[in-house]
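Chemist: Provided herewith is a single structure, encoded as structure tokens, for subsequent inquiry.
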Amino acid sequence: RTPVRLAFVGAGNYATSMLLPHLAQRDGVELSTVVTTTALSAANAQRKFGFAEATTDLDAVLGDKSIDAVFVVTRHSSHAELTRKALLAGKTVFVEKPLALTEDELAGVLAAVEESGNDRLQVGFNRRFAPLLQEARKRFGTRNGPASLRYLVNAGRLDHGSWYLQQGTEGSRFVGEGGHFIDTASWLLDADPVSVYATAPSGNEDVQVVLRYPDGSTATISYVTSGPSGFPKETLDLVADGRALRLDDFVRAAVYGRKRWVSSRLPKARDKGQNAELAAFVKAVRTGGPMPVPLESLVATTAATLAVQTGLADGAPVTLARAR
């Protein structure tokens, strides 16, 4: 069969540590072209992962009919514009989160979908693909009544000099990373949020986010930067119908009900779903089948993430437009 030909725009730390190692070994995938702003970083990525070509010319890649899908793995401030260009060029797009830093950017992406008729888009919300979480959700089973979900993210402090700290251009940390946790909550609750309330203590980047869902379910995300590094990074509890699901930092999960299920503890390497996410994306590109996550869900998660900033500024809940 003809290989799926992929181009990468950006080859920074996340691309080279979490995405390319999975793709470089995958049958039926050809790493066609890597595009970076400097020829040196393009050449380095080409050498390390075996791209057929390296370039600094984005337009040439977008105009190349033989390329099936484009990965946008650049700094946050360029995601929306590059995604827009790639969609207008007719490419299937995988963009690392966040999809957009402002409502205008998000509107621009949706305008490109409307104009081109191309809605073949995936945002790198990988946690819903994590095998441990998938197994726990299956064992929890279907839900009747509303749920209470609690998600503690011990994000930690950033190294001095990190580009994540450039809030003026790259957005706040929660805008950059919070979509992961909202997407995971929405996937577990099988709905998109209808309102967002956010509050933050003064003096640091900690934020508390309460999401409300159509059936009355709530999800509270505590994103804290002031916790100790030895404490688990992500812990999650979901309670409904006399049952509870618990995720302990992607190394162990449990479901409590009439019977109790506890997963065996995973080895040190946490699987947060990147490999399964990429497999699902490549399959969708190859078959032309539906994208792994519906566009409505990607948009709803992005809108909810952006609403956190609005809510913090206004000190009031933000009602979200119903995407579905």
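A note on labels: chains of the structure tokens are A, B, ... as shown, every chain counts residues from 1, and ligands are counted from 1 in their shown order.
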Please list as a ChimeraX atom specification every residue within 8 Å of Ala80 of chain A, counting only C-alpha atoms and excluding residues in the same chain fewer than 4 positions away.
Modeler: /A:84,99-101,105-106,108-109
Chemist: Restricting the output to all heavy atoms, write the selected residues as a PDB file, in the first residue's frame.
Modeler:
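Result file is selection29.pdb:
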```pdb
ATOM      1  N   ARG A  84      -4.563  27.230   9.895  1.00  0.00           N
ATOM      2  CA  ARG A  84      -5.435  27.865   8.897  1.00  0.00           C
ATOM      3  C   ARG A  84      -4.863  27.682   7.487  1.00  0.00           C
ATOM      4  O   ARG A  84      -5.561  27.244   6.573  1.00  0.00           O
ATOM      5  CB  ARG A  84      -5.527  29.361   9.240  1.00  0.00           C
ATOM      6  CG  ARG A  84      -6.806  30.052   8.881  1.00  0.00           C
ATOM      7  CD  ARG A  84      -6.731  31.525   9.257  1.00  0.00           C
ATOM      8  NE  ARG A  84      -5.660  32.222   8.530  1.00  0.00           N
ATOM      9  CZ  ARG A  84      -5.720  32.551   7.252  1.00  0.00           C
ATOM     10  NH1 ARG A  84      -6.795  32.269   6.539  1.00  0.00           N
ATOM     11  NH2 ARG A  84      -4.724  33.163   6.660  1.00  0.00           N
ATOM     12  N   LEU A  99      -4.864  24.975  20.106  1.00  0.00           N
ATOM     13  CA  LEU A  99      -5.263  25.283  18.734  1.00  0.00           C
ATOM     14  C   LEU A  99      -5.214  26.783  18.491  1.00  0.00           C
ATOM     15  O   LEU A  99      -4.861  27.230  17.398  1.00  0.00           O
ATOM     16  CB  LEU A  99      -6.682  24.744  18.494  1.00  0.00           C
ATOM     17  CG  LEU A  99      -7.365  25.097  17.182  1.00  0.00           C
ATOM     18  CD1 LEU A  99      -6.558  24.605  15.983  1.00  0.00           C
ATOM     19  CD2 LEU A  99      -8.773  24.513  17.145  1.00  0.00           C
ATOM     20  N   ALA A 100      -5.582  27.571  19.507  1.00  0.00           N
ATOM     21  CA  ALA A 100      -5.631  29.026  19.362  1.00  0.00           C
ATOM     22  C   ALA A 100      -5.393  29.683  20.709  1.00  0.00           C
ATOM     23  O   ALA A 100      -5.673  29.091  21.758  1.00  0.00           O
ATOM     24  CB  ALA A 100      -6.993  29.439  18.812  1.00  0.00           C
ATOM     25  N   LEU A 101      -4.874  30.907  20.682  1.00  0.00           N
ATOM     26  CA  LEU A 101      -4.621  31.664  21.916  1.00  0.00           C
ATOM     27  C   LEU A 101      -5.689  32.721  22.179  1.00  0.00           C
ATOM     28  O   LEU A 101      -5.750  33.278  23.278  1.00  0.00           O
ATOM     29  CB  LEU A 101      -3.253  32.356  21.847  1.00  0.00           C
ATOM     30  CG  LEU A 101      -2.026  31.454  21.869  1.00  0.00           C
ATOM     31  CD1 LEU A 101      -0.760  32.295  21.779  1.00  0.00           C
ATOM     32  CD2 LEU A 101      -1.987  30.593  23.126  1.00  0.00           C
ATOM     33  N   GLU A 105      -8.393  34.082  16.883  1.00  0.00           N
ATOM     34  CA  GLU A 105      -7.618  33.015  16.222  1.00  0.00           C
ATOM     35  C   GLU A 105      -8.483  31.783  15.978  1.00  0.00           C
ATOM     36  O   GLU A 105      -8.420  31.164  14.910  1.00  0.00           O
ATOM     37  CB  GLU A 105      -6.399  32.640  17.068  1.00  0.00           C
ATOM     38  CG  GLU A 105      -5.278  33.658  17.034  1.00  0.00           C
ATOM     39  CD  GLU A 105      -4.028  33.172  17.759  1.00  0.00           C
ATOM     40  OE1 GLU A 105      -4.031  32.065  18.342  1.00  0.00           O
ATOM     41  OE2 GLU A 105      -3.041  33.912  17.725  1.00  0.00           O
ATOM     42  N   LEU A 106      -9.287  31.423  16.973  1.00  0.00           N
ATOM     43  CA  LEU A 106     -10.171  30.260  16.827  1.00  0.00           C
ATOM     44  C   LEU A 106     -11.177  30.509  15.703  1.00  0.00           C
ATOM     45  O   LEU A 106     -11.423  29.622  14.873  1.00  0.00           O
ATOM     46  CB  LEU A 106     -10.899  29.984  18.153  1.00  0.00           C
ATOM     47  CG  LEU A 106     -11.872  28.793  18.170  1.00  0.00           C
ATOM     48  CD1 LEU A 106     -11.174  27.496  17.773  1.00  0.00           C
ATOM     49  CD2 LEU A 106     -12.518  28.647  19.546  1.00  0.00           C
ATOM     50  N   GLY A 108     -10.701  32.346  13.155  1.00  0.00           N
ATOM     51  CA  GLY A 108      -9.947  32.263  11.905  1.00  0.00           C
ATOM     52  C   GLY A 108      -9.787  30.833  11.412  1.00  0.00           C
ATOM     53  O   GLY A 108      -9.907  30.545  10.209  1.00  0.00           O
ATOM     54  N   VAL A 109      -9.545  29.919  12.347  1.00  0.00           N
ATOM     55  CA  VAL A 109      -9.432  28.493  11.986  1.00  0.00           C
ATOM     56  C   VAL A 109     -10.778  27.988  11.452  1.00  0.00           C
ATOM     57  O   VAL A 109     -10.845  27.299  10.428  1.00  0.00           O
ATOM     58  CB  VAL A 109      -8.975  27.648  13.200  1.00  0.00           C
ATOM     59  CG1 VAL A 109      -9.060  26.154  12.879  1.00  0.00           C
ATOM     60  CG2 VAL A 109      -7.544  28.013  13.598  1.00  0.00           C
TER      61      VAL A 109
END
```
Chemist: Which neighbours of Leu58 of chain A fall inside 10 Å, counting only C-alpha atoms, when residues of the same chain fewer than 5 positions from it are skipped, and could you give them as a list of chain:residue names?
Modeler: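 Counting only C-alpha atoms, the residues come to A:Ala7, A:Phe8, A:Val9, A:Thr33, A:Val34, A:Val35, A:Thr36, A:Thr37, A:Gly63, A:Leu82, A:Lys85, A:Ala86.
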Chemist: Would you mind listing what lies within 12 Å of Arg128 of chain A as a count of residues only, with only C-alpha atoms counted and same-chain residues fewer than 2 positions away left out?
Modeler: 35
Chemist: Please extract the residues of segment 84-228 of chain A with a backbone DSSP assignment of strand (DSSP E) and present them as a PyMOL selection string.
Modeler: chain A and resi 92-95+121-123+148-154+195-199+207-212+218-224
Chemist: Between A:Ala107, A:Phe140, A:Leu158, A:Leu278, which is the closest to Pro21 of chain A once you count only C-alpha atoms?
Modeler: A:Leu278
Chemist: Ranking A:Ala279, A:Ala200, A:Val210, A:Val113 by minimum distance to Phe129 of chain A and counting only C-alpha atoms, which one comes first?
Modeler: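 Closest to Phe129 of chain A, using only C-alpha atoms: A:Ala279.
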Chemist: Write out as a list in words each polymer residue whose atoms come within 7 Å of Arg252 of chain A, counting only C-alpha atoms; drop sequence neighbours fewer than 6 positions from it.
Modeler: Ser263, Ser264, Arg265 and Leu266 of chain A
Chemist: Give me, as a PyMOL selection string, all polymer residues having an atom no more than 6 Å from segment 233-238 of chain A, counting only C-alpha atoms and skipping those fewer than 4 positions away in the same chain.
Modeler: chain A and resi 148-154+244-249
Chemist: Write a file of the just-selected residues containing N, CA, C and O atoms, as a PDB file, in the first residue's frame.
Modeler:
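That gives us selection_15.pdb:
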```pdb
ATOM      1  N   SER A 148     -19.456  13.961  39.383  1.00  0.00           N
ATOM      2  CA  SER A 148     -18.521  14.966  39.911  1.00  0.00           C
ATOM      3  C   SER A 148     -17.124  14.499  39.570  1.00  0.00           C
ATOM      4  O   SER A 148     -16.738  13.376  39.917  1.00  0.00           O
ATOM      5  N   LEU A 149     -16.382  15.357  38.891  1.00  0.00           N
ATOM      6  CA  LEU A 149     -15.017  15.009  38.499  1.00  0.00           C
ATOM      7  C   LEU A 149     -14.060  16.016  39.118  1.00  0.00           C
ATOM      8  O   LEU A 149     -14.334  17.213  39.139  1.00  0.00           O
ATOM      9  N   ARG A 150     -12.960  15.520  39.619  1.00  0.00           N
ATOM     10  CA  ARG A 150     -11.948  16.393  40.235  1.00  0.00           C
ATOM     11  C   ARG A 150     -10.588  16.034  39.625  1.00  0.00           C
ATOM     12  O   ARG A 150     -10.209  14.870  39.590  1.00  0.00           O
ATOM     13  N   TYR A 151      -9.882  17.034  39.140  1.00  0.00           N
ATOM     14  CA  TYR A 151      -8.607  16.799  38.433  1.00  0.00           C
ATOM     15  C   TYR A 151      -7.582  17.757  39.034  1.00  0.00           C
ATOM     16  O   TYR A 151      -7.715  18.972  38.911  1.00  0.00           O
ATOM     17  N   LEU A 152      -6.581  17.206  39.693  1.00  0.00           N
ATOM     18  CA  LEU A 152      -5.502  18.028  40.259  1.00  0.00           C
ATOM     19  C   LEU A 152      -4.274  17.911  39.371  1.00  0.00           C
ATOM     20  O   LEU A 152      -3.760  16.817  39.145  1.00  0.00           O
ATOM     21  N   VAL A 153      -3.823  19.034  38.862  1.00  0.00           N
ATOM     22  CA  VAL A 153      -2.631  19.075  38.005  1.00  0.00           C
ATOM     23  C   VAL A 153      -1.532  19.817  38.768  1.00  0.00           C
ATOM     24  O   VAL A 153      -1.618  21.020  39.004  1.00  0.00           O
ATOM     25  N   ASN A 154      -0.520  19.065  39.158  1.00  0.00           N
ATOM     26  CA  ASN A 154       0.628  19.637  39.875  1.00  0.00           C
ATOM     27  C   ASN A 154       1.669  20.037  38.825  1.00  0.00           C
ATOM     28  O   ASN A 154       2.618  19.325  38.562  1.00  0.00           O
ATOM     29  N   ALA A 244     -16.854   4.997  41.565  1.00  0.00           N
ATOM     30  CA  ALA A 244     -15.778   5.986  41.484  1.00  0.00           C
ATOM     31  C   ALA A 244     -14.643   5.444  40.628  1.00  0.00           C
ATOM     32  O   ALA A 244     -14.319   4.257  40.671  1.00  0.00           O
ATOM     33  N   LEU A 245     -14.072   6.338  39.828  1.00  0.00           N
ATOM     34  CA  LEU A 245     -12.889   6.007  39.016  1.00  0.00           C
ATOM     35  C   LEU A 245     -11.754   6.878  39.531  1.00  0.00           C
ATOM     36  O   LEU A 245     -11.947   8.067  39.784  1.00  0.00           O
ATOM     37  N   ARG A 246     -10.582   6.285  39.667  1.00  0.00           N
ATOM     38  CA  ARG A 246      -9.426   7.057  40.128  1.00  0.00           C
ATOM     39  C   ARG A 246      -8.243   6.806  39.196  1.00  0.00           C
ATOM     40  O   ARG A 246      -7.947   5.673  38.845  1.00  0.00           O
ATOM     41  N   LEU A 247      -7.583   7.890  38.793  1.00  0.00           N
ATOM     42  CA  LEU A 247      -6.360   7.787  37.983  1.00  0.00           C
ATOM     43  C   LEU A 247      -5.219   8.402  38.777  1.00  0.00           C
ATOM     44  O   LEU A 247      -5.316   9.541  39.229  1.00  0.00           O
ATOM     45  N   ASP A 248      -4.161   7.641  38.944  1.00  0.00           N
ATOM     46  CA  ASP A 248      -3.005   8.134  39.690  1.00  0.00           C
ATOM     47  C   ASP A 248      -1.827   8.308  38.744  1.00  0.00           C
ATOM     48  O   ASP A 248      -1.034   7.399  38.503  1.00  0.00           O
ATOM     49  N   ASP A 249      -1.760   9.503  38.139  1.00  0.00           N
ATOM     50  CA  ASP A 249      -0.599   9.934  37.360  1.00  0.00           C
ATOM     51  C   ASP A 249      -0.200   8.985  36.232  1.00  0.00           C
ATOM     52  O   ASP A 249       0.981   8.851  35.909  1.00  0.00           O
TER      53      ASP A 249
END
```
Chemist: Taking the DSSP assignment computed from this structure's backbone, write out as a PyMOL selection string all residues of segment 78-230 of chain A that belong to helix (DSSP H, G or I).
Modeler: chain A and resi 78-88+103-116+127-129+131-140+163-165+167-170+173-189
Chemist: Given the choices A:Gly28, A:Gly10, A:Gly315, A:Pro267, which gets closest to Val285 of chain A if the distance is worked out from only C-alpha atoms?
Modeler: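 Selected residue with least distance to Val285 of chain A: A:Gly28.
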